[in-house]
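Asks: Sending over model_8.cif (mmCIF, C-alpha atoms (C1' of nucleotides) and all ligand atoms).
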data_structure
#
loop_
_atom_site.label_atom_id
_atom_site.label_comp_id
_atom_site.auth_asym_id
_atom_site.auth_seq_id
_atom_site.Cartn_x
_atom_site.Cartn_y
_atom_site.Cartn_z
CA MET I 1 58.53 86.54 92.15
CA MET I 2 61.20 88.99 93.19
CA LYS I 3 64.06 86.62 92.76
CA ILE I 4 67.15 86.91 94.91
CA SER I 5 70.16 86.82 92.57
CA LYS I 6 72.80 84.13 92.70
CA LYS I 7 75.27 86.85 93.50
CA THR I 8 73.44 87.61 96.72
CA GLN I 9 72.83 83.98 97.56
CA TYR I 10 76.50 83.20 97.09
CA GLY I 11 77.43 86.30 99.03
CA LEU I 12 75.42 85.33 102.06
CA ARG I 13 76.81 81.82 102.05
CA ALA I 14 80.34 83.18 101.78
CA MET I 15 79.77 85.53 104.68
CA ILE I 16 78.53 82.70 106.85
CA CYS I 17 81.62 80.77 105.89
CA ILE I 18 83.89 83.64 106.84
CA ALA I 19 81.96 84.23 110.03
CA ARG I 20 82.63 80.66 111.16
CA GLU I 21 86.33 81.53 111.25
CA TYR I 22 85.83 84.63 113.31
CA GLY I 23 88.52 84.77 115.97
CA ALA I 24 90.97 82.53 114.12
CA LYS I 25 94.50 83.82 113.51
CA THR I 26 94.65 83.16 109.77
CA PRO I 27 92.07 84.44 107.31
CA ILE I 28 90.10 82.16 104.99
CA THR I 29 90.85 82.14 101.27
CA VAL I 30 88.39 82.61 98.44
CA LYS I 31 89.59 79.33 97.00
CA SER I 32 88.65 77.48 100.12
CA ILE I 33 85.22 79.08 100.30
CA SER I 34 84.59 78.34 96.66
CA GLU I 35 85.40 74.69 97.22
CA LYS I 36 83.38 74.30 100.39
CA GLU I 37 80.36 76.01 98.93
CA ALA I 38 80.68 74.90 95.31
CA ILE I 39 80.69 78.45 93.99
CA PRO I 40 82.66 79.41 90.83
CA PHE I 41 85.95 80.87 92.01
CA ASP I 42 86.22 83.86 89.67
CA PHE I 43 82.66 84.90 90.33
CA LEU I 44 83.09 84.56 94.08
CA GLU I 45 86.20 86.69 94.02
CA LYS I 46 84.20 89.53 92.56
CA ILE I 47 81.48 89.09 95.14
CA VAL I 48 83.82 89.08 98.10
CA SER I 49 85.57 92.13 96.73
CA ARG I 50 82.26 94.00 96.87
CA LEU I 51 81.73 92.84 100.41
CA GLU I 52 85.11 94.29 101.20
CA LYS I 53 84.25 97.63 99.58
CA ALA I 54 81.23 97.69 101.87
CA SER I 55 83.58 97.15 104.83
CA LEU I 56 81.95 93.93 105.90
CA VAL I 57 85.14 92.00 105.37
CA LYS I 58 88.85 92.74 105.31
CA GLY I 59 91.35 91.21 102.89
CA ARG I 60 94.99 90.39 103.37
CA LYS I 61 97.15 89.75 100.33
CA GLY I 62 99.90 87.26 99.76
CA VAL I 63 100.72 83.81 101.05
CA GLN I 64 98.64 83.03 104.13
CA GLY I 65 96.32 85.78 103.04
CA GLY I 66 92.57 85.70 102.71
CA TYR I 67 89.53 87.38 104.17
CA MET I 68 88.18 87.89 107.64
CA LEU I 69 85.19 89.63 109.14
CA SER I 70 85.80 93.29 109.80
CA ARG I 71 83.60 93.26 112.89
CA PRO I 72 81.87 90.72 115.13
CA PRO I 73 79.14 88.54 113.57
CA ALA I 74 76.55 90.08 115.86
CA LYS I 75 77.21 93.45 114.24
CA ILE I 76 76.57 92.31 110.67
CA SER I 77 73.01 91.94 109.45
CA ALA I 78 71.56 90.19 106.42
CA LYS I 79 70.49 93.63 105.28
CA ASN I 80 74.13 94.81 105.31
CA ILE I 81 75.06 91.91 103.06
CA VAL I 82 72.19 92.26 100.63
CA SER I 83 72.68 96.02 100.33
CA ALA I 84 76.35 95.54 99.59
CA LEU I 85 75.58 93.29 96.65
CA GLU I 86 72.46 94.71 95.02
CA GLU I 87 72.48 98.08 93.34
CA ASN I 88 68.82 99.02 93.30
CA ASP I 89 67.80 98.77 96.86
CA ALA I 90 64.03 99.02 96.47
CA PRO I 91 61.68 96.50 94.81
CA VAL I 92 60.23 99.32 92.74
CA ASN I 93 62.11 102.42 91.77
CA CYS I 94 59.50 105.14 92.13
CA ARG I 95 61.75 107.70 90.52
CA LEU I 96 61.07 106.00 87.20
CA CYS I 97 57.33 105.74 87.71
CA GLY I 98 56.39 108.91 85.87
CA ARG I 99 52.90 108.80 87.33
CA LYS I 100 53.99 109.32 90.89
CA SER I 101 51.41 111.98 91.65
CA VAL I 102 48.51 109.70 90.72
CA CYS I 103 50.21 106.38 91.33
CA SER I 104 47.71 104.15 93.01
CA SER I 105 50.06 101.35 93.82
CA LYS I 106 53.03 102.93 95.47
CA ASN I 107 51.78 102.13 98.96
CA VAL I 108 51.88 98.45 98.16
CA TRP I 109 55.50 98.55 97.10
CA LYS I 110 56.43 100.73 100.05
CA LYS I 111 54.91 98.23 102.46
CA ILE I 112 56.81 95.42 100.84
CA GLU I 113 60.03 97.32 101.01
CA ASN I 114 59.50 98.08 104.68
CA SER I 115 58.64 94.55 105.68
CA LEU I 116 61.57 93.25 103.68
CA ASN I 117 63.98 95.63 105.33
CA SER I 118 62.78 94.94 108.80
CA THR I 119 63.09 91.21 108.24
CA LEU I 120 66.60 91.53 106.86
CA ASN I 121 67.64 93.91 109.61
CA SER I 122 66.48 91.49 112.26
CA ILE I 123 68.81 88.73 111.08
CA THR I 124 72.45 88.84 112.16
CA LEU I 125 75.32 86.66 111.03
CA GLN I 126 75.62 85.64 114.65
CA SER I 127 72.12 84.20 114.63
CA LEU I 128 72.92 82.21 111.48
CA LEU I 129 75.90 80.41 112.97
CA LYS I 130 73.84 78.10 115.14
CA MET D 1 67.19 94.34 95.21
CA MET D 2 64.46 91.90 94.33
CA LYS D 3 62.89 94.01 91.69
CA ILE D 4 59.17 93.84 91.00
CA SER D 5 58.74 93.45 87.24
CA LYS D 6 56.95 95.99 85.11
CA LYS D 7 54.48 93.27 84.25
CA THR D 8 53.43 93.05 87.86
CA GLN D 9 53.48 96.80 88.41
CA TYR D 10 51.29 97.31 85.36
CA GLY D 11 49.08 94.46 86.45
CA LEU D 12 48.38 95.93 89.84
CA ARG D 13 47.62 99.34 88.39
CA ALA D 14 45.28 97.77 85.87
CA MET D 15 43.48 95.87 88.59
CA ILE D 16 42.96 99.02 90.59
CA CYS D 17 41.59 100.65 87.47
CA ILE D 18 39.16 97.82 86.88
CA ALA D 19 38.21 97.77 90.54
CA ARG D 20 37.16 101.41 90.37
CA GLU D 21 34.45 100.37 87.93
CA TYR D 22 33.15 97.60 90.10
CA GLY D 23 29.37 97.69 90.04
CA ALA D 24 29.11 99.54 86.71
CA LYS D 25 26.99 98.00 83.94
CA THR D 26 29.58 98.14 81.19
CA PRO D 27 33.06 96.67 81.50
CA ILE D 28 36.21 98.72 80.99
CA THR D 29 38.33 98.20 77.88
CA VAL D 30 42.04 97.46 77.77
CA LYS D 31 42.42 100.44 75.47
CA SER D 32 40.97 102.75 78.06
CA ILE D 33 43.16 101.36 80.84
CA SER D 34 46.23 101.63 78.67
CA GLU D 35 45.48 105.30 77.99
CA LYS D 36 44.66 106.22 81.57
CA GLU D 37 47.72 104.48 82.94
CA ALA D 38 50.14 105.06 80.07
CA ILE D 39 50.85 101.37 79.62
CA PRO D 40 51.66 99.90 76.16
CA PHE D 41 48.43 98.44 74.81
CA ASP D 42 49.72 95.15 73.41
CA PHE D 43 51.68 94.40 76.53
CA LEU D 44 48.75 95.22 78.77
CA GLU D 45 46.47 92.93 76.80
CA LYS D 46 48.75 90.03 77.59
CA ILE D 47 48.85 90.95 81.25
CA VAL D 48 45.09 91.24 81.62
CA SER D 49 44.66 87.97 79.85
CA ARG D 50 46.76 86.30 82.54
CA LEU D 51 44.69 87.94 85.21
CA GLU D 52 41.67 86.46 83.53
CA LYS D 53 43.24 82.98 83.47
CA ALA D 54 43.72 83.37 87.20
CA SER D 55 40.00 84.18 87.50
CA LEU D 56 40.58 87.59 88.98
CA VAL D 57 38.83 89.29 86.10
CA LYS D 58 36.23 88.36 83.51
CA GLY D 59 36.30 89.44 79.88
CA ARG D 60 33.43 90.12 77.51
CA LYS D 61 34.13 90.20 73.80
CA GLY D 62 32.75 92.44 71.10
CA VAL D 63 31.43 95.97 70.96
CA GLN D 64 30.78 97.28 74.45
CA GLY D 65 33.04 94.54 75.69
CA GLY D 66 35.91 94.79 78.14
CA TYR D 67 36.90 93.47 81.52
CA MET D 68 35.34 93.50 84.96
CA LEU D 69 36.26 92.15 88.34
CA SER D 70 35.14 88.57 88.84
CA ARG D 71 34.49 89.14 92.54
CA PRO D 72 34.25 92.04 94.99
CA PRO D 73 37.42 94.12 95.56
CA ALA D 74 37.51 93.06 99.19
CA LYS D 75 38.00 89.47 98.04
CA ILE D 76 41.05 90.14 95.88
CA SER D 77 44.44 90.52 97.51
CA ALA D 78 47.70 91.92 96.23
CA LYS D 79 49.06 88.41 96.66
CA ASN D 80 46.43 87.06 94.25
CA ILE D 81 47.54 89.56 91.64
CA VAL D 82 51.25 89.05 92.06
CA SER D 83 50.90 85.26 92.01
CA ALA D 84 48.89 85.43 88.81
CA LEU D 85 51.65 87.30 87.04
CA GLU D 86 54.90 85.85 88.32
CA GLU D 87 55.91 82.29 87.61
CA ASN D 88 58.44 81.54 90.32
CA ASP D 89 56.63 82.32 93.49
CA ALA D 90 59.55 82.24 95.92
CA PRO D 91 62.53 84.65 96.11
CA VAL D 92 64.86 81.67 96.08
CA ASN D 93 64.07 78.36 94.49
CA CYS D 94 65.50 75.86 96.95
CA ARG D 95 64.94 72.98 94.58
CA LEU D 96 67.88 74.30 92.56
CA CYS D 97 70.14 74.82 95.55
CA GLY D 98 71.98 71.52 95.35
CA ARG D 99 73.35 72.02 98.84
CA LYS D 100 70.03 71.87 100.56
CA SER D 101 71.15 69.51 103.28
CA VAL D 102 73.93 71.81 104.42
CA CYS D 103 72.49 75.09 103.19
CA SER D 104 73.18 77.66 105.83
CA SER D 105 71.11 80.40 104.34
CA LYS D 106 67.77 78.89 103.57
CA ASN D 107 66.22 80.22 106.75
CA VAL D 108 66.91 83.74 105.64
CA TRP D 109 65.11 83.28 102.35
CA LYS D 110 62.25 81.48 104.02
CA LYS D 111 61.73 84.35 106.43
CA ILE D 112 61.72 86.82 103.58
CA GLU D 113 59.22 84.76 101.66
CA ASN D 114 56.94 84.55 104.67
CA SER D 115 57.04 88.22 105.47
CA LEU D 116 56.47 89.07 101.85
CA ASN D 117 53.48 86.80 101.60
CA SER D 118 51.90 88.02 104.75
CA THR D 119 52.28 91.61 103.66
CA LEU D 120 50.79 90.91 100.24
CA ASN D 121 47.96 88.88 101.72
CA SER D 122 47.04 91.69 104.06
CA ILE D 123 46.41 94.14 101.22
CA THR D 124 43.07 93.98 99.38
CA LEU D 125 42.01 95.85 96.28
CA GLN D 126 39.29 97.33 98.42
CA SER D 127 41.84 98.93 100.70
CA LEU D 128 43.64 100.43 97.71
CA LEU D 129 40.60 102.26 96.37
CA LYS D 130 40.61 104.96 99.03
"C1'" DT W 1 27.20 93.28 58.18
"C1'" DG W 2 30.90 95.82 59.88
"C1'" DA W 3 33.21 97.76 63.65
"C1'" DA W 4 35.02 97.07 68.23
"C1'" DA W 5 36.50 94.52 71.30
"C1'" DA W 6 38.74 90.20 73.50
"C1'" DC W 7 41.72 86.45 72.62
"C1'" DC W 8 46.02 83.98 71.01
"C1'" DG W 9 50.81 82.54 69.85
"C1'" DA W 10 55.02 83.55 67.83
"C1'" DC W 11 58.40 86.82 67.36
"C1'" DT W 12 62.10 90.59 68.49
"C1'" DA W 13 64.62 93.92 71.24
"C1'" DA W 14 66.60 95.40 75.30
"C1'" DT W 15 68.48 94.61 79.68
"C1'" DA W 16 70.25 92.12 83.59
"C1'" DT W 17 72.54 88.22 85.44
"C1'" DA W 18 76.08 84.92 85.64
"C1'" DG W 19 80.34 83.71 84.70
"C1'" DT W 20 85.21 84.09 82.46
"C1'" DC W 21 89.77 85.78 81.52
"C1'" DG W 22 94.20 87.89 81.63
"C1'" DG W 23 96.44 90.30 83.97
"C1'" DT W 24 98.91 93.36 88.41
"C1'" DT W 25 100.20 93.84 93.20
"C1'" DT W 26 101.33 92.42 97.77
"C1'" DT W 27 102.92 89.28 101.20
"C1'" DT W 28 105.41 85.59 103.23
"C1'" DA W 29 107.96 81.16 103.58
"C1'" DT W 30 112.01 79.29 101.96
"C1'" DA R 1 116.43 87.23 96.71
"C1'" DT R 2 112.91 84.77 94.92
"C1'" DA R 3 108.98 82.09 93.93
"C1'" DA R 4 104.54 80.93 95.14
"C1'" DA R 5 100.09 82.20 96.82
"C1'" DA R 6 96.98 85.03 97.56
"C1'" DA R 7 94.11 89.44 96.88
"C1'" DC R 8 92.84 92.83 93.60
"C1'" DC R 9 91.13 94.80 89.10
"C1'" DG R 10 88.70 95.76 84.70
"C1'" DA R 11 87.17 94.20 80.47
"C1'" DC R 12 84.96 90.71 78.24
"C1'" DT R 13 81.29 86.92 76.86
"C1'" DA R 14 77.36 84.00 77.33
"C1'" DT R 15 72.92 83.17 78.93
"C1'" DA R 16 68.44 84.19 80.71
"C1'" DT R 17 64.82 87.19 81.67
"C1'" DT R 18 61.98 90.98 80.80
"C1'" DA R 19 59.61 94.04 77.98
"C1'" DG R 20 57.36 94.87 74.15
"C1'" DT R 21 55.56 93.94 69.20
"C1'" DC R 22 52.96 91.91 65.52
"C1'" DG R 23 49.63 89.60 62.76
"C1'" DG R 24 46.21 87.42 63.08
"C1'" DT R 25 41.19 84.91 64.79
"C1'" DT R 26 36.87 85.02 67.25
"C1'" DT R 27 32.92 86.99 69.38
"C1'" DT R 28 29.45 90.40 70.17
"C1'" DC R 29 26.47 94.03 69.31
"C1'" DA R 30 24.35 98.10 67.14
S1 LIG N 201 55.19 106.06 92.43
FE1 LIG N 201 56.13 104.18 93.02
S2 LIG N 201 55.27 102.80 91.59
FE2 LIG N 201 54.36 104.69 91.02
S1 LIG N 202 68.22 75.25 100.36
FE1 LIG N 202 67.25 77.14 99.82
S2 LIG N 202 68.95 78.36 99.28
FE2 LIG N 202 69.91 76.47 99.80
#
Using structure tokens, write down the structure that the file contains.
Replies:
Amino acid sequence: MMKISKKTQYGLRAMICIAREYGAKTPITVKSISEKEAIPFDFLEKIVSRLEKASLVKGRKGVQGGYMLSRPPAKISAKNIVSALEENDAPVNCRLCGRKSVCSSKNVWKKIENSLNSTLNSITLQSLLK
Amino acid sequence: MMKISKKTQYGLRAMICIAREYGAKTPITVKSISEKEAIPFDFLEKIVSRLEKASLVKGRKGVQGGYMLSRPPAKISAKNIVSALEENDAPVNCRLCGRKSVCSSKNVWKKIENSLNSTLNSITLQSLLK
DNA sequence: TGAAAACCGACTAATATAGTCGGTTTTTAT
DNA sequence: ATAAAAACCGACTATATTAGTCGGTTTTCA
């Protein structure tokens, strides 16, 4: 039911990995994350690049390059991460419902969406480091 | 993010439809539900049949046949319906994680699962009829 | 006895996810 | 200077899941 994609699972694990290095001088490489977490390198690269586009992470090219958090772990929520990686943000896209005016079930999906969001918002990377 | 399948969306709408007839002498047909709700007939038949296997609904064959609720609307939750229709009940299947012992993210998915379940459990068909 | 319904399983089509590949660009240590 | 190591990028392929279809059989009732 409502599966979380591998992309998002990998993404969260990668972010935790990067967060552990917060404060270090040198950034952490995708290669190193992929080894530590047993995530396919090429796939992970794509994932981290989306996290960068969402400004959660900052990359540095070249030798000694890698990624680092773009802000403190306390300022990054699970919701930030999930939103960066999933396109359709809601469990049900009501725009496609067609029967919106008489739709008997929309309240159910709205409640789910709300409870999901508030749960995700309440979790910070900081809180996951312990 | 975590899309609810059409199967489940249709299923909930069908259940609400059937619930509206609770107390009537004659059951409601799949054909009639499919017309009212603009859901493909053949697909809906399969869905309702799963709802029956989960004992949420009872079918009667033949002329004047159809489906009716197997218990009062107050005794059927959104969770009952969703569970009947989706195979993998949890957003993340930790059995497949492989890194369970060191998995940094499982608490996130557990929290989501819990909040989802408690939301779904709190909604009854009864409450959706108003 | 025939029509209307549920009931059933196998099939196909469409879409989404997961993963791969072959490159280009930037940076830094030597 | 240059070579290696890394990010960065887009197009591609494979696999899995979802959505929907089809051709029947069985049961019930008027
Ligand atoms: S309006 Fe959202 S599911 Fe119908
Ligand atoms: S143990 Fe559940 S995601 Fe790793």
Asks: Would you please work out which residue, of I:Ser55, I:Asn88, I:Asn107, I:Asn80, is nearest to chain W when using only C-alpha atoms (C1' of nucleotides)?
Replies: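 Nearest to chain W: I:Asn88.
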Asks: For chain I versus ligand LIG 202 (chain N), which residues have an atom no more than 10 Å away, and what is each residue's nearest atom pair and distance in Å rounded to one decimal, using only C-alpha atoms and all ligand atoms, chain-then-number order, as a Markdown table?
Replies:
| residue | atom | partner | partner_atom | distance |
| --- | --- | --- | --- | --- |
| I:Ile4 | CA | N:LIG202 | S2 | 9.8 |
| I:Lys6 | CA | N:LIG202 | S2 | 9.6 |
| I:Gln9 | CA | N:LIG202 | S2 | 7.0 |
| I:Tyr10 | CA | N:LIG202 | S2 | 9.2 |
| I:Leu12 | CA | N:LIG202 | S2 | 9.9 |
| I:Arg13 | CA | N:LIG202 | FE2 | 9.0 |
Asks: How many Å lie between atom S2 of ligand LIG 201 (chain N) and atom CA of I:Glu87, rounded to one decimal?
Replies: 17.9 Å
Asks: Select residues of chain R: the criterion is any atom within 7 Å of an atom of chain I, counting only C-alpha atoms (C1' of nucleotides); output as a ChimeraX atom specification.
Replies: /R:5-7
Asks: Mind checking which residues fall within 10 Å of I:Cys103, counting all atoms listed in the file, ignoring those fewer than 4 positions away in the same chain, and posting them as number ranges by chain?
Replies: I: 94, 97-99, 107; D: 13, 37
Asks: May I have the residues from that selection written out with C-alpha atoms, as a PDB file, in the coordinates of the input?
Replies:
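The new file again36.pdb reads:
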ATOM      1  CA  CYS I  94      59.500 105.140  92.130  1.00  0.00           C
ATOM      2  CA  CYS I  97      57.330 105.740  87.710  1.00  0.00           C
ATOM      3  CA  GLY I  98      56.390 108.910  85.870  1.00  0.00           C
ATOM      4  CA  ARG I  99      52.900 108.800  87.330  1.00  0.00           C
ATOM      5  CA  ASN I 107      51.780 102.130  98.960  1.00  0.00           C
TER       6      ASN I 107
ATOM      7  CA  ARG D  13      47.620  99.340  88.390  1.00  0.00           C
ATOM      8  CA  GLU D  37      47.720 104.480  82.940  1.00  0.00           C
TER       9      GLU D  37
END
Asks: What is the distance, in Å and to one decimal place, between atom CA of D:Trp109 and atom CA of D:Asn93?
Replies: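 We find that atom CA of D:Trp109 and atom CA of D:Asn93 lie 9.3 Å from each other.
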Asks: Please determine the contact residues of chain D with respect to chain I at a cut-off of 10 Å, counting only C-alpha atoms, and supply them as a ChimeraX atom specification.
Replies: /D:1-6,8-10,12-14,16-17,37-38,78,82-83,85-93,97-99,102-109,111-120,123-124,128-130
Asks: Just write the chosen residues, C-alpha atoms, as a CSV table (one decimal), in the coordinates of the input.
Replies:
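Now in again.csv:
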chain,number,residue,atom,x,y,z
D,1,MET,CA,67.2,94.3,95.2
D,2,MET,CA,64.5,91.9,94.3
D,3,LYS,CA,62.9,94.0,91.7
D,4,ILE,CA,59.2,93.8,91.0
D,5,SER,CA,58.7,93.4,87.2
D,6,LYS,CA,57.0,96.0,85.1
D,8,THR,CA,53.4,93.0,87.9
D,9,GLN,CA,53.5,96.8,88.4
D,10,TYR,CA,51.3,97.3,85.4
D,12,LEU,CA,48.4,95.9,89.8
D,13,ARG,CA,47.6,99.3,88.4
D,14,ALA,CA,45.3,97.8,85.9
D,16,ILE,CA,43.0,99.0,90.6
D,17,CYS,CA,41.6,100.6,87.5
D,37,GLU,CA,47.7,104.5,82.9
D,38,ALA,CA,50.1,105.1,80.1
D,78,ALA,CA,47.7,91.9,96.2
D,82,VAL,CA,51.2,89.0,92.1
D,83,SER,CA,50.9,85.3,92.0
D,85,LEU,CA,51.6,87.3,87.0
D,86,GLU,CA,54.9,85.8,88.3
D,87,GLU,CA,55.9,82.3,87.6
D,88,ASN,CA,58.4,81.5,90.3
D,89,ASP,CA,56.6,82.3,93.5
D,90,ALA,CA,59.6,82.2,95.9
D,91,PRO,CA,62.5,84.6,96.1
D,92,VAL,CA,64.9,81.7,96.1
D,93,ASN,CA,64.1,78.4,94.5
D,97,CYS,CA,70.1,74.8,95.6
D,98,GLY,CA,72.0,71.5,95.4
D,99,ARG,CA,73.4,72.0,98.8
D,102,VAL,CA,73.9,71.8,104.4
D,103,CYS,CA,72.5,75.1,103.2
D,104,SER,CA,73.2,77.7,105.8
D,105,SER,CA,71.1,80.4,104.3
D,106,LYS,CA,67.8,78.9,103.6
D,107,ASN,CA,66.2,80.2,106.8
D,108,VAL,CA,66.9,83.7,105.6
D,109,TRP,CA,65.1,83.3,102.4
D,111,LYS,CA,61.7,84.4,106.4
D,112,ILE,CA,61.7,86.8,103.6
D,113,GLU,CA,59.2,84.8,101.7
D,114,ASN,CA,56.9,84.6,104.7
D,115,SER,CA,57.0,88.2,105.5
D,116,LEU,CA,56.5,89.1,101.8
D,117,ASN,CA,53.5,86.8,101.6
D,118,SER,CA,51.9,88.0,104.8
D,119,THR,CA,52.3,91.6,103.7
D,120,LEU,CA,50.8,90.9,100.2
D,123,ILE,CA,46.4,94.1,101.2
D,124,THR,CA,43.1,94.0,99.4
D,128,LEU,CA,43.6,100.4,97.7
D,129,LEU,CA,40.6,102.3,96.4
D,130,LYS,CA,40.6,105.0,99.0
Asks: Tell me the residues of chain W close to chain D, meaning within 8 Å using all atoms listed in the file, as number ranges by chain.
Replies: W: 3-7
Asks: How many Å lie between atom CA of D:Pro40 and atom CA of D:Ser122, rounded to one decimal?
Replies: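 Between atom CA of D:Pro40 and atom CA of D:Ser122 the gap is 29.4 Å.
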Asks: Sorted by chain and rising residue number, list the residues of chain W at most 12 Å from stretch 9-18 of chain R (counting all atoms listed in the file), each with its closest atom pair and distance in Å to one decimal, as a Markdown table.
Replies:
| residue | atom | partner | partner_atom | distance |
| --- | --- | --- | --- | --- |
| W:DA13 | C1' | R:DT18 | C1' | 10.3 |
| W:DA14 | C1' | R:DT18 | C1' | 8.4 |
| W:DT15 | C1' | R:DT18 | C1' | 7.5 |
| W:DA16 | C1' | R:DT17 | C1' | 7.6 |
| W:DT17 | C1' | R:DA16 | C1' | 7.4 |
| W:DA18 | C1' | R:DT15 | C1' | 7.6 |
| W:DG19 | C1' | R:DA14 | C1' | 8.0 |
| W:DT20 | C1' | R:DT13 | C1' | 7.4 |
| W:DC21 | C1' | R:DC12 | C1' | 7.6 |
| W:DG22 | C1' | R:DA11 | C1' | 9.5 |
| W:DG23 | C1' | R:DC9 | C1' | 8.6 |
| W:DT24 | C1' | R:DC9 | C1' | 7.9 |
| W:DT25 | C1' | R:DC9 | C1' | 10.0 |
Asks: Name the residues within 10 Å of (61.0, 88.0, 67.2), counting all atoms listed in the file in the file's coordinates, and put them as a short mmCIF file (atom, residue, chain, number, x, y, z; two decimals) with C-alpha atoms (C1' of nucleotides), in the frame of the given file.
Replies:
data_model
loop_
_atom_site.label_atom_id
_atom_site.label_comp_id
_atom_site.auth_asym_id
_atom_site.auth_seq_id
_atom_site.Cartn_x
_atom_site.Cartn_y
_atom_site.Cartn_z
"C1'" DA W 10 55.02 83.55 67.83
"C1'" DC W 11 58.40 86.82 67.36
"C1'" DT W 12 62.10 90.59 68.49
"C1'" DA W 13 64.62 93.92 71.24
"C1'" DT R 21 55.56 93.94 69.20
"C1'" DC R 22 52.96 91.91 65.52
#
Asks: Would you mind telling me which residue in I:Val48, I:Ser34, I:Ile28, I:Lys110 lies nearest to ligand LIG 201 (chain N) when using only C-alpha atoms and all ligand atoms?
Replies: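 Of I:Val48, I:Ser34, I:Ile28, I:Lys110, the one nearest ligand LIG 201 (chain N), counting only C-alpha atoms and all ligand atoms, is I:Lys110.
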Asks: Quick one: 6 Å padding each side, axis-aligned, all listed atoms of stretch 5-20 of chain R - centre and edge lengths in Å to one decimal, as lines of an AutoDock Vina configuration file?
Replies:
center_x = 78.7
center_y = 89.0
center_z = 85.9
size_x = 54.7
size_y = 25.6
size_z = 35.4
Asks: Between I:Ser101, I:Thr26, I:Ser32, I:Ser77, which residue has the minimum interatomic distance to ligand LIG 201 (chain N), considering all atoms listed in the file?
Replies: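 Of all the options, I:Ser101 lies closest to ligand LIG 201 (chain N).
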